[in-house]
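Notes follow the structure.
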Amino acid sequence: MTTETKPSTARFNLPARLLHWSMAVMVIAQFFIGVTMIAALSYYPLLLAIHRPLGIAILLFAIVRLVNRLTHRLPPFLATMGPVERRVASYSEYLLYALLLVQPLIGWAMLSAAQSPVVMVGAVDLPAIAPHNITLYATLRTAHTVAAYLLFATFTAHICAVLFHTVGLRDGILHRMSLWPSRNNRG
Ligand code: HEM
């Protein structure tokens with residue numbers, strides 16, 4: 001999908017970099033809120049009131065990000081990445097995109113199946129996207145947990161790979177996604 005170069009100043013475009021870091025913050029917050037709200041029931045209503053609109057915001061950001069990704073060329077892979085790693089990186093990127101789109105839709109459909117309003121900020125409710133059906137709710141509830149684990153595992157693997165390149169190989173991979181130019185960049 002992309003060609004090889006030596007370490008360079010090539011970076012993702014500005015919208016991609018802004019979306020990357022804002023979504024990283026949103027998704028980490030969403031994990032904490034999701035896990036905490038089912039563990040600490042006294043905070044459940046408050047945390048769910050944040051979890052719903054934050055999840056829908058993640059969905060909207062993921063759509064914008066996908067459009068940006070499909071309409072812009074990527075910077076070339078670093079020369080430090082072999083063919084197998086490039087393939088793994090590409091597939092894990094597709095998996096991340098898929099999960100960032102599917103997980104909020106599962107959450108939205110799950111509440112629709114429970115006939116529970118998907119309240120956004122203020123009095124705005126989203127329409128139901130699934131029929132009222134308690135068996136469907138139970139299936140989607142399990143799917144929401146499984147997708148959360150899968151997203152967490154993919155996200156963790158992504159961070160480990162970036163750490164390996166940054167600390168082990170010192171190939172300046174972070175520069176590609178940084179919001180500002182780094183002093184040590186090799187460009
Ligand atoms: C990327 C987006 C999202 C992530 C990462 C996420 C993550 C999570 C996590 C980790 C849990 C706890 C699950 C468990 O341990 O079993 C959870 C629960 C829940 N999520 Fe999400 N979620 C997202 C989007 C949404 C959306 C968009 C909605 C609804 C509009 C939603 C509704 C819920 C509800 C209602 C629960 C609690 C269900 C219960 O009380 O049993 N989520 N979520």
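Labels for the structure tokens follow display order: chains A, B, ..., residues from 1 in each chain, ligands from 1.
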
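Every residue having at least one atom no farther than 7 Å from ligand 1 is included below, with only C-alpha atoms and all ligand atoms taken into account: Val27, Gln30, Phe31, Gly34, Val35, Ile38, Leu48, His51, Arg52, Pro53, Leu54, Gly55, Ile56, Ile58, Leu59, Leu100, Gln103, Pro104, Leu105, Gly107, Trp108, Leu111, Val118, Arg141, His144, Thr145 and Ala148 of chain A.
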
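The smallest atom-to-atom distance between A:Glu93 and any of A:His132, A:His165, A:His72, A:His20, using only C-alpha atoms, is found for A:His20.
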
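The coordinates place atom CA of A:Val167 at 26.3 Å from atom CA of A:Pro15.
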
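The space separating atom CA of A:Val84 from atom CA of A:Val102 comes to 26.7 Å.
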
Query raised in the report: Quick one, how far is atom CA of A:Val25 from atom CA of A:Val119?
Result: 22.1 Å

Requested in this report: Give me every alpha helix (DSSP H) residue in stretch 18-186 of chain A, going by DSSP on the backbone, as number ranges by chain.
Outcome: A: 18-39, 44-71, 83-113, 134-163

Query raised in the report: So which residues touch A:Asn13 within 9 Å, counting only C-alpha atoms, skipping near sequence neighbours fewer than 6 positions away, as a PyMOL selection string?
Result: chain A and resi 72-75+177

Since we have the selection now, will you write its residues out, keeping N, CA, C and O atoms, as a PDB file, in the first residue's frame?
ATOM      1  N   HIS A  72      -6.400  10.663   1.229  1.00  0.00           N
ATOM      2  CA  HIS A  72      -5.027  11.201   1.279  1.00  0.00           C
ATOM      3  C   HIS A  72      -4.009  10.070   1.236  1.00  0.00           C
ATOM      4  O   HIS A  72      -4.259   8.993   1.773  1.00  0.00           O
ATOM      5  N   ARG A  73      -2.859  10.369   0.643  1.00  0.00           N
ATOM      6  CA  ARG A  73      -1.774   9.378   0.617  1.00  0.00           C
ATOM      7  C   ARG A  73      -1.116   9.315   1.978  1.00  0.00           C
ATOM      8  O   ARG A  73      -0.959  10.329   2.647  1.00  0.00           O
ATOM      9  N   LEU A  74      -0.700   8.094   2.367  1.00  0.00           N
ATOM     10  CA  LEU A  74       0.015   7.930   3.631  1.00  0.00           C
ATOM     11  C   LEU A  74       1.488   8.249   3.435  1.00  0.00           C
ATOM     12  O   LEU A  74       2.009   8.054   2.333  1.00  0.00           O
ATOM     13  N   PRO A  75       2.181   8.690   4.489  1.00  0.00           N
ATOM     14  CA  PRO A  75       3.643   8.775   4.355  1.00  0.00           C
ATOM     15  C   PRO A  75       4.181   7.365   4.163  1.00  0.00           C
ATOM     16  O   PRO A  75       3.583   6.405   4.647  1.00  0.00           O
ATOM     17  N   MET A 177       3.643  11.178  13.543  1.00  0.00           N
ATOM     18  CA  MET A 177       2.312  11.497  14.065  1.00  0.00           C
ATOM     19  C   MET A 177       2.352  12.690  15.026  1.00  0.00           C
ATOM     20  O   MET A 177       1.332  13.036  15.612  1.00  0.00           O
TER      21      MET A 177
END

**Report entry** Contacts of A:Ala147 within 7 Å, only C-alpha atoms, excl. fewer than 4 positions in-chain, as a PyMOL selection string
**Finding:** chain A and resi 99+103+143+151

Query raised in the report: Counting only C-alpha atoms, what is within 12 Å of A:Leu19, bar same-chain residues fewer than 3 positions away, as a PyMOL selection string?
Result: chain A and resi 12-16+22-27+57-69+177-179
